[in-house]
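Structure file start_25.pdb (PDB, C-alpha atoms) is printed below.
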```pdb
ATOM      1  CA  MET A  19     111.812  58.582  92.945
ATOM      2  CA  PRO A  20     112.750  62.254  92.384
ATOM      3  CA  VAL A  21     109.990  64.845  92.130
ATOM      4  CA  GLU A  22     109.861  66.292  88.634
ATOM      5  CA  THR A  23     108.183  69.378  87.235
ATOM      6  CA  ILE A  24     105.445  67.317  85.570
ATOM      7  CA  HIS A  25     104.429  65.836  88.923
ATOM      8  CA  ILE A  26     104.113  69.264  90.513
ATOM      9  CA  GLU A  27     102.194  70.613  87.524
ATOM     10  CA  ASN A  28      99.696  67.755  87.722
ATOM     11  CA  PHE A  29      99.159  68.467  91.415
ATOM     12  CA  LEU A  30      98.746  72.208  90.863
ATOM     13  CA  ASP A  31      96.436  71.679  87.881
ATOM     14  CA  HIS A  32      94.192  69.613  90.115
ATOM     15  CA  LEU A  33      94.190  72.349  92.762
ATOM     16  CA  PHE A  34      93.400  74.942  90.109
ATOM     17  CA  GLU A  35      90.391  72.974  88.880
ATOM     18  CA  MET A  36      89.068  72.225  92.367
ATOM     19  CA  GLN A  37      89.873  75.392  94.334
ATOM     20  CA  GLY A  38      90.944  78.048  91.840
ATOM     21  CA  GLY A  39      94.068  79.974  90.880
ATOM     22  CA  LYS A  40      94.638  81.636  94.242
ATOM     23  CA  LYS A  41      94.999  78.291  96.013
ATOM     24  CA  ALA A  42      97.198  76.892  93.235
ATOM     25  CA  ASN A  43      99.515  79.922  93.300
ATOM     26  CA  ARG A  44      99.805  79.805  97.082
ATOM     27  CA  SER A  45     100.852  76.154  96.888
ATOM     28  CA  LEU A  46     103.281  76.972  94.088
ATOM     29  CA  ARG A  47     104.948  79.625  96.264
ATOM     30  CA  GLU A  48     105.220  77.256  99.198
ATOM     31  CA  LEU A  49     106.684  74.478  97.070
ATOM     32  CA  SER A  50     109.109  76.893  95.438
ATOM     33  CA  THR A  51     110.314  78.010  98.875
ATOM     34  CA  LEU A  52     110.807  74.402  99.942
ATOM     35  CA  PHE A  53     112.770  73.417  96.838
ATOM     36  CA  ASN A  54     114.882  76.589  97.020
ATOM     37  CA  TRP A  55     115.828  75.619 100.570
ATOM     38  CA  MET A  56     116.805  72.141  99.349
ATOM     39  CA  PHE A  57     118.722  73.591  96.392
ATOM     40  CA  ASN A  58     120.712  76.018  98.562
ATOM     41  CA  ARG A  59     121.767  73.112 100.759
ATOM     42  CA  LYS A  60     122.724  71.038  97.703
ATOM     43  CA  PHE A  61     120.132  68.337  98.366
ATOM     44  CA  ILE A  62     118.892  68.807  94.783
ATOM     45  CA  LYS A  63     120.546  70.179  91.638
ATOM     46  CA  THR A  64     117.605  72.200  90.288
ATOM     47  CA  ASN A  65     114.325  73.633  91.555
ATOM     48  CA  PRO A  66     111.549  71.736  89.683
ATOM     49  CA  THR A  67     109.060  74.583  90.238
ATOM     50  CA  THR A  68     111.121  77.157  88.295
ATOM     51  CA  PRO A  69     109.527  76.489  84.863
ATOM     52  CA  ILE A  70     105.967  76.599  86.210
ATOM     53  CA  GLU A  71     104.048  79.796  85.458
ATOM     54  CA  LYS A  72     101.521  81.338  87.792
ATOM     55  CA  TYR A  73      97.859  80.446  87.379
ATOM     56  CA  SER A  74      95.202  83.017  86.570
ATOM     57  CA  GLU A  75      93.192  84.227  89.554
ATOM     58  CA  ASP A  76      89.665  85.548  89.730
ATOM     59  CA  PRO A  77      89.696  89.042  91.232
ATOM     60  CA  PHE A  78      88.717  89.034  94.901
ATOM     61  CA  LYS A  79      85.932  91.437  95.799
ATOM     62  CA  LYS A  80      85.782  92.465  99.443
ATOM     63  CA  TYR A  81      82.265  92.621 100.850
ATOM     64  CA  VAL A  82      81.439  96.074 102.206
ATOM     65  CA  PRO A  83      78.324  96.093 104.414
ATOM     66  CA  PRO A  84      75.780  98.925 104.145
ATOM     67  CA  GLU A  85      75.402 101.315 107.067
ATOM     68  CA  LYS A  86      71.989  99.921 108.017
ATOM     69  CA  ASP A  87      73.489  96.472 108.601
ATOM     70  CA  ILE A  88      76.265  97.887 110.798
ATOM     71  CA  ILE A  89      73.626  99.706 112.842
ATOM     72  CA  ARG A  90      71.543  96.530 113.162
ATOM     73  CA  VAL A  91      74.566  94.698 114.543
ATOM     74  CA  ILE A  92      75.165  97.481 117.080
ATOM     75  CA  GLN A  93      71.528  97.322 118.160
ATOM     76  CA  VAL A  94      71.767  93.635 119.164
ATOM     77  CA  ALA A  95      75.208  93.996 120.800
ATOM     78  CA  ASN A  96      75.884  94.335 124.512
ATOM     79  CA  ALA A  97      77.460  97.499 125.933
ATOM     80  CA  PHE A  98      81.047  96.263 125.586
ATOM     81  CA  GLU A  99      80.461  95.140 121.997
ATOM     82  CA  LYS A 100      78.760  98.415 121.077
ATOM     83  CA  ASP A 101      81.818 100.323 122.297
ATOM     84  CA  ILE A 102      84.307  98.161 120.417
ATOM     85  CA  ILE A 103      82.301  98.255 117.157
ATOM     86  CA  ARG A 104      81.820 102.016 117.376
ATOM     87  CA  THR A 105      85.507 102.469 118.133
ATOM     88  CA  ALA A 106      86.345 100.408 115.049
ATOM     89  CA  TYR A 107      83.999 102.625 113.027
ATOM     90  CA  HIS A 108      85.235 106.000 114.250
ATOM     91  CA  SER A 109      88.952 105.126 114.264
ATOM     92  CA  LEU A 110      89.171 102.671 111.333
ATOM     93  CA  ALA A 111      91.402 100.645 113.637
ATOM     94  CA  ARG A 112      92.393  97.074 112.859
ATOM     95  CA  ALA A 113      91.106  94.333 115.161
ATOM     96  CA  SER A 114      94.597  93.672 116.520
ATOM     97  CA  GLU A 115      94.994  97.380 117.297
ATOM     98  CA  LEU A 116      91.779  97.403 119.310
ATOM     99  CA  ARG A 117      93.038  94.484 121.381
ATOM    100  CA  ARG A 118      96.356  96.254 122.042
ATOM    101  CA  LEU A 119      94.823  99.649 122.831
ATOM    102  CA  LYS A 120      95.856 100.847 126.288
ATOM    103  CA  ILE A 121      94.643 103.739 128.409
ATOM    104  CA  SER A 122      98.116 105.234 128.091
ATOM    105  CA  ASP A 123      97.642 105.376 124.301
ATOM    106  CA  CYS A 124      94.777 107.867 124.668
ATOM    107  CA  ASP A 125      95.863 111.518 124.737
ATOM    108  CA  PHE A 126      92.661 113.457 125.379
ATOM    109  CA  THR A 127      94.516 116.717 126.046
ATOM    110  CA  ASN A 128      95.790 116.835 122.472
ATOM    111  CA  GLY A 129      92.883 114.893 120.950
ATOM    112  CA  LYS A 130      95.014 111.968 119.773
ATOM    113  CA  VAL A 131      95.061 108.201 120.137
ATOM    114  CA  TRP A 132      97.907 105.836 119.306
ATOM    115  CA  PHE A 133      97.378 102.480 117.611
ATOM    116  CA  TYR A 134     100.092  99.849 117.329
ATOM    117  CA  THR A 135     100.321  97.089 114.733
ATOM    118  CA  ARG A 136     102.757  94.913 112.827
ATOM    119  CA  LYS A 137     102.413  96.154 109.262
ATOM    120  CA  ARG A 138     104.787  93.549 107.910
ATOM    121  CA  GLN A 139     104.860  89.859 108.697
ATOM    122  CA  GLY A 140     107.486  89.284 111.354
ATOM    123  CA  GLY A 141     108.007  93.028 111.789
ATOM    124  CA  SER A 142     108.104  94.977 115.028
ATOM    125  CA  LEU A 143     105.163  96.927 116.407
ATOM    126  CA  GLU A 144     104.755 100.326 114.783
ATOM    127  CA  GLY A 145     102.711 103.159 116.261
ATOM    128  CA  ASP A 146     100.454 105.608 114.454
ATOM    129  CA  LYS A 147      98.462 108.439 115.993
ATOM    130  CA  ILE A 148      95.128 109.672 114.729
ATOM    131  CA  ASP A 149      92.892 112.591 115.629
ATOM    132  CA  ILE A 150      89.926 111.740 117.857
ATOM    133  CA  ASN A 151      86.502 112.927 116.712
ATOM    134  CA  LYS A 152      83.744 113.716 119.249
ATOM    135  CA  SER A 153      82.166 110.277 119.081
ATOM    136  CA  LEU A 154      85.453 108.449 119.599
ATOM    137  CA  LYS A 155      86.454 110.783 122.435
ATOM    138  CA  GLU A 156      83.222 110.045 124.296
ATOM    139  CA  ILE A 157      83.716 106.273 124.015
ATOM    140  CA  LEU A 158      87.400 106.194 124.936
ATOM    141  CA  ASN A 159      87.135 108.778 127.712
ATOM    142  CA  ARG A 160      84.252 106.889 129.317
ATOM    143  CA  ARG A 161      85.997 103.536 129.078
ATOM    144  CA  CYS A 162      89.282 104.870 130.422
ATOM    145  CA  LYS A 163      87.427 106.029 133.527
ATOM    146  CA  LEU A 164      85.541 102.747 133.932
ATOM    147  CA  VAL A 165      88.051  99.991 133.298
ATOM    148  CA  ASP A 166      90.205  98.495 136.041
ATOM    149  CA  SER A 167      92.847  97.413 133.564
ATOM    150  CA  GLU A 168      95.616  98.957 131.497
ATOM    151  CA  TYR A 169      93.645  97.944 128.394
ATOM    152  CA  VAL A 170      90.700  99.915 127.040
ATOM    153  CA  PHE A 171      88.999  96.669 125.968
ATOM    154  CA  PRO A 172      90.197  94.035 128.464
ATOM    155  CA  GLY A 173      89.229  90.385 128.589
ATOM    156  CA  PRO A 174      87.330  88.749 131.480
ATOM    157  CA  ASP A 175      90.482  88.549 133.628
ATOM    158  CA  GLY A 176      91.544  92.144 132.984
ATOM    159  CA  THR A 177      94.376  91.207 130.634
ATOM    160  CA  ARG A 178      94.437  91.830 126.902
ATOM    161  CA  LEU A 179      91.331  90.547 125.140
ATOM    162  CA  LYS A 180      92.075  87.240 123.434
ATOM    163  CA  LYS A 181      92.059  87.185 119.629
ATOM    164  CA  ASN A 182      89.626  84.287 119.633
ATOM    165  CA  SER A 183      87.161  86.237 121.789
ATOM    166  CA  LEU A 184      87.299  89.289 119.516
ATOM    167  CA  ASP A 185      87.025  87.192 116.365
ATOM    168  CA  LYS A 186      83.781  85.621 117.621
ATOM    169  CA  ILE A 187      81.948  88.889 118.300
ATOM    170  CA  MET A 188      80.795  89.785 114.791
ATOM    171  CA  PRO A 189      79.872  86.230 113.649
ATOM    172  CA  ARG A 190      77.794  85.755 116.798
ATOM    173  CA  LEU A 191      75.995  89.094 116.418
ATOM    174  CA  CYS A 192      75.250  88.438 112.740
ATOM    175  CA  HIS A 193      73.948  84.994 113.709
ATOM    176  CA  LYS A 194      71.758  86.632 116.365
ATOM    177  CA  ILE A 195      70.179  88.786 113.669
ATOM    178  CA  ASN A 196      69.736  85.979 111.149
ATOM    179  CA  PHE A 197      68.377  83.258 113.475
ATOM    180  CA  ASP A 198      65.572  83.174 116.039
ATOM    181  CA  SER A 199      65.791  81.953 119.637
ATOM    182  CA  ASN A 200      65.245  78.369 118.445
ATOM    183  CA  ASN A 201      68.237  78.696 116.086
ATOM    184  CA  LYS A 202      65.994  78.617 113.037
ATOM    185  CA  PRO A 203      66.745  80.952 110.107
ATOM    186  CA  LYS A 204      64.622  84.071 109.974
ATOM    187  CA  PRO A 205      62.957  85.073 106.678
ATOM    188  CA  ARG A 206      65.580  86.035 104.121
ATOM    189  CA  LYS A 207      64.389  89.648 103.980
ATOM    190  CA  GLU A 208      65.167  90.008 107.698
ATOM    191  CA  GLN A 209      68.687  88.619 107.405
ATOM    192  CA  ILE A 210      71.959  90.375 106.729
ATOM    193  CA  LYS A 211      75.084  89.128 105.017
ATOM    194  CA  PRO A 212      77.612  88.301 107.767
ATOM    195  CA  PHE A 213      80.646  90.574 108.000
ATOM    196  CA  GLY A 214      83.542  91.219 110.352
ATOM    197  CA  LEU A 215      85.206  94.185 112.013
ATOM    198  CA  HIS A 216      87.611  94.635 109.112
ATOM    199  CA  SER A 217      84.659  95.058 106.735
ATOM    200  CA  ILE A 218      83.630  98.092 108.798
ATOM    201  CA  ARG A 219      87.058  99.568 108.042
ATOM    202  CA  HIS A 220      86.345  99.077 104.334
ATOM    203  CA  HIS A 221      82.863 100.573 104.699
ATOM    204  CA  VAL A 222      84.088 103.744 106.400
ATOM    205  CA  ALA A 223      86.902 104.245 103.880
ATOM    206  CA  ALA A 224      84.467 103.899 100.981
ATOM    207  CA  ASN A 225      81.959 106.176 102.717
ATOM    208  CA  LEU A 226      84.509 108.949 103.253
ATOM    209  CA  PHE A 227      85.714 108.628  99.673
ATOM    210  CA  MET A 228      82.339 108.508  97.904
ATOM    211  CA  ASN A 229      80.066 110.563 100.142
ATOM    212  CA  TYR A 230      82.365 113.037 101.870
ATOM    213  CA  ASN A 231      84.762 113.760  98.993
ATOM    214  CA  TYR A 232      87.910 112.653 100.800
ATOM    215  CA  SER A 233      90.795 112.243  98.409
ATOM    216  CA  VAL A 234      92.580 108.919  98.012
ATOM    217  CA  GLY A 235      95.646 110.479  99.615
ATOM    218  CA  GLU A 236      93.600 111.413 102.660
ATOM    219  CA  ILE A 237      92.117 107.918 102.836
ATOM    220  CA  GLN A 238      95.618 106.459 102.714
ATOM    221  CA  LYS A 239      96.596 108.574 105.717
ATOM    222  CA  ILE A 240      93.448 107.718 107.652
ATOM    223  CA  LEU A 241      93.899 103.999 106.981
ATOM    224  CA  ARG A 242      97.587 104.404 107.859
ATOM    225  CA  HIS A 243      98.787 102.465 104.829
ATOM    226  CA  LYS A 244     102.476 102.572 104.041
ATOM    227  CA  ARG A 245     101.878 101.833 100.374
ATOM    228  CA  ALA A 246      99.460 103.583  98.064
ATOM    229  CA  SER A 247      98.840 100.245  96.363
ATOM    230  CA  THR A 248      97.208  98.972  99.560
ATOM    231  CA  THR A 249      94.776 101.888  99.573
ATOM    232  CA  ASP A 250      94.230 101.290  95.870
ATOM    233  CA  ALA A 251      93.000  97.809  96.739
ATOM    234  CA  TYR A 252      90.369  99.450  98.956
ATOM    235  CA  LEU A 253      89.257 102.127  96.540
ATOM    236  CA  LYS A 254      90.414 100.997  93.085
ATOM    237  CA  SER A 255      91.805 104.433  92.400
ATOM    238  CA  ILE A 256      95.087 106.381  92.324
ATOM    239  CA  VAL A 257      96.538 108.416  95.153
ATOM    240  CA  ASP A 258      96.661 111.948  93.780
ATOM    241  CA  MET A 259      96.479 114.234  96.806
ATOM    242  CA  ASP A 260      98.087 114.515 100.223
ATOM    243  CA  ILE A 261      95.790 116.597 102.405
ATOM    244  CA  GLU A 262      95.246 116.045 106.107
ATOM    245  CA  ARG A 263      91.691 115.978 107.426
ATOM    246  CA  GLY A 264      90.188 114.596 110.610
ATOM    247  CA  LEU A 265      87.288 112.202 111.139
ATOM    248  CA  ASP A 266      84.591 114.661 112.251
ATOM    249  CA  ALA A 267      82.415 113.628 109.294
ATOM    250  CA  LEU A 268      81.811 110.283 111.007
ATOM    251  CA  ASP A 269      80.006 111.920 113.946
ATOM    252  CA  ASP A 270      76.799 111.721 111.865
ATOM    253  CA  PHE A 271      76.833 107.925 112.184
ATOM    254  CA  GLU A 272      73.723 106.712 114.086
ATOM    255  CA  THR A 273      72.657 110.306 114.774
ATOM    256  CA  ASP A 274      68.970 109.541 114.322
ATOM    257  CA  LYS A 275      69.130 105.897 115.321
ATOM    258  CA  ARG A 276      71.281 105.640 118.453
ATOM    259  CA  GLU A 277      69.322 104.438 121.471
ATOM    260  CA  PRO A 278      69.302 106.571 124.651
ATOM    261  CA  ALA A 279      72.101 106.017 127.116
ATOM    262  CA  THR A 280      71.376 103.234 129.610
ATOM    263  CA  PRO A 281      72.896 102.470 132.997
ATOM    264  CA  GLU A 282      74.277  99.200 131.609
ATOM    265  CA  LYS A 283      78.029  99.092 131.942
ATOM    266  CA  ILE A 284      80.201  96.243 130.752
ATOM    267  CA  VAL A 285      83.755  97.161 131.609
ATOM    268  CA  ARG A 286      85.399  93.860 130.706
ATOM    269  CA  TYR A 287      84.357  91.541 127.947
ATOM    270  CA  PRO A 288      82.112  88.947 129.647
ATOM    271  CA  ASP A 289      82.326  85.210 129.226
ATOM    272  CA  HIS A 290      79.984  83.920 126.483
ATOM    273  CA  GLU A 291      77.742  82.257 129.051
ATOM    274  CA  GLN A 292      77.208  85.562 130.845
ATOM    275  CA  ILE A 293      75.991  87.445 127.764
TER     276      ILE A 293
END
```

Could you spell out this file's structure in structure tokens?
Amino acid sequence: MPVETIHIENFLDHLFEMQGGKKANRSLRELSTLFNWMFNRKFIKTNPTTPIEKYSEDPFKKYVPPEKDIIRVIQVANAFEKDIIRTAYHSLARASELRRLKISDCDFTNGKVWFYTRKRQGGSLEGDKIDINKSLKEILNRRCKLVDSEYVFPGPDGTRLKKNSLDKIMPRLCHKINFDSNNKPKPRKEQIKPFGLHSIRHHVAANLFMNYNYSVGEIQKILRHKRASTTDAYLKSIVDMDIERGLDALDDFETDKREPATPEKIVRYPDHEQI
């Protein structure tokens, strides 16, 4: 029995009702790709998804944590986690860039650090350099002297930190804040809304824009976006300026709240059981 447009519409309508327009549109794109492949190879005469229009989607609102919640997470983190969270804050680096960061990427003489990422799916690694503020310089310089690895944030075996290990850091720290030692929820007023490393990137961008008068053009450069539309998704504004400025304004983060330096040193990310 051939698949007809009405069959696909019924399926997508069901998805729309149960999971919303975003899920329905994603499935529509995937089905369209499949049928186009079949059409190009002459397995079918027409693509049955062609007449189907996109479904309406509710706008997605990214959660941006307040500064006090970021500081609370840092306070319950171990030394390695503190360094990686603070590096994310002061560099606005993506999680994948933190994992890839090597000692050779840190140029303390010129006050620069290189981050590498794939900005397009399937694309090659692209490098961007940013200026290092005082806080970031202290963290990276200290770690580069401590680590016995080519990576600034190595895994337990000295190789690149696994994605799964990095992805678990923030959920576990938020859980540590929200639950007691018996794994029972703390009072709601003591809890925080869980967030990840990428939410810190959103927080810092919004903070620079709203509280430090950085232009959207400057934010685009700091976030290292190729397209202004990507920055627009962060700030809901229009890029109208193109002025370079460093990240010195972020040195005020934790100024009155940072705990005194301790002798604790965690050079490599420890196994979960050792934390």

- Task: Find the spatial neighbours of Glu272 of chain A, counting only C-alpha atoms, within a cut-off of 12 Å - ignore same-chain residues fewer than 4 positions away - and output them as number ranges by chain.
- Result: A: 85-90, 92-93, 100, 104, 107-108, 153, 268, 276-278

- Note on the structure: What separates atom CA of Cys124 of chain A and atom CA of Thr177 of chain A is a distance of 17.7 Å

- Find the residue from A:Ile103, A:Ile121, A:Leu52, A:Ile150 that sits nearest to Val170 of chain A; use all atoms listed in the file when measuring. A:Ile121

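You will find atom CA of Arg47 of chain A at 21.5 Å from atom CA of Ser247 of chain A.
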
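Across the model, the gap from atom CA of Leu110 of chain A to atom CA of Met188 of chain A is 15.8 Å.
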
- Item | Residue contacts of Asn151 of chain A (9 Å, only C-alpha atoms) excluding same-chain residues fewer than 3 positions away, as an MDAnalysis selection string | chainID A and resid 108:109 129 154:156 264:269

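Shortest atom-to-atom contact with Ile157 of chain A among A:Ala246, A:Lys186, A:Glu35, A:Ala97: A:Ala97, counting only C-alpha atoms.
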
- Apply the PyMOL selection byres ((chain A and resi 196) around 10) to the file shown and report the selected residues as JSON, numbers by chain. {"A": [190, 191, 192, 193, 194, 195, 197, 198, 201, 202, 203, 204, 205, 206, 207, 208, 209, 210, 211, 212]}

- Sel. within 8 Å of pt (82.7, 99.5, 108.9), counting only C-alpha atoms, output as a ChimeraX atom specification: /A:82-83,85,88,106-107,110,215-222

- Task: Taking the file as shown, find all residues satisfying the PyMOL selection byres ((chain A and resi 60-70) around 6) and write them as a list in words.
- Result: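 When the PyMOL selection byres ((chain A and resi 60-70) around 6) is applied to the shown file, the picked residues are Glu22, Thr23, Ser50, Phe53, Met56, Phe57, Asn58, Arg59 and Glu71 of chain A.
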
- Query: Near Ser167 of chain A, counting all atoms listed in the file, which residues have an atom at most 12 Å away, once you skip same-chain residues fewer than 6 positions from it, shown as a ChimeraX atom specification?
  - Reply: /A:119-122,161,173-179,285-287

- Item | From A:Pro189, A:Arg242, A:Ser233, A:Lys80, residue lying nearest Phe133 of chain A [only C-alpha atoms] |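 Residue with the minimum atom-to-atom distance to Phe133 of chain A: A:Arg242.
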
- Task: Could you check which of A:Ser142, A:Asn54, A:Ser114, A:Asn28 is closest to Ala42 of chain A, using all atoms listed in the file?
- Result: A:Asn28
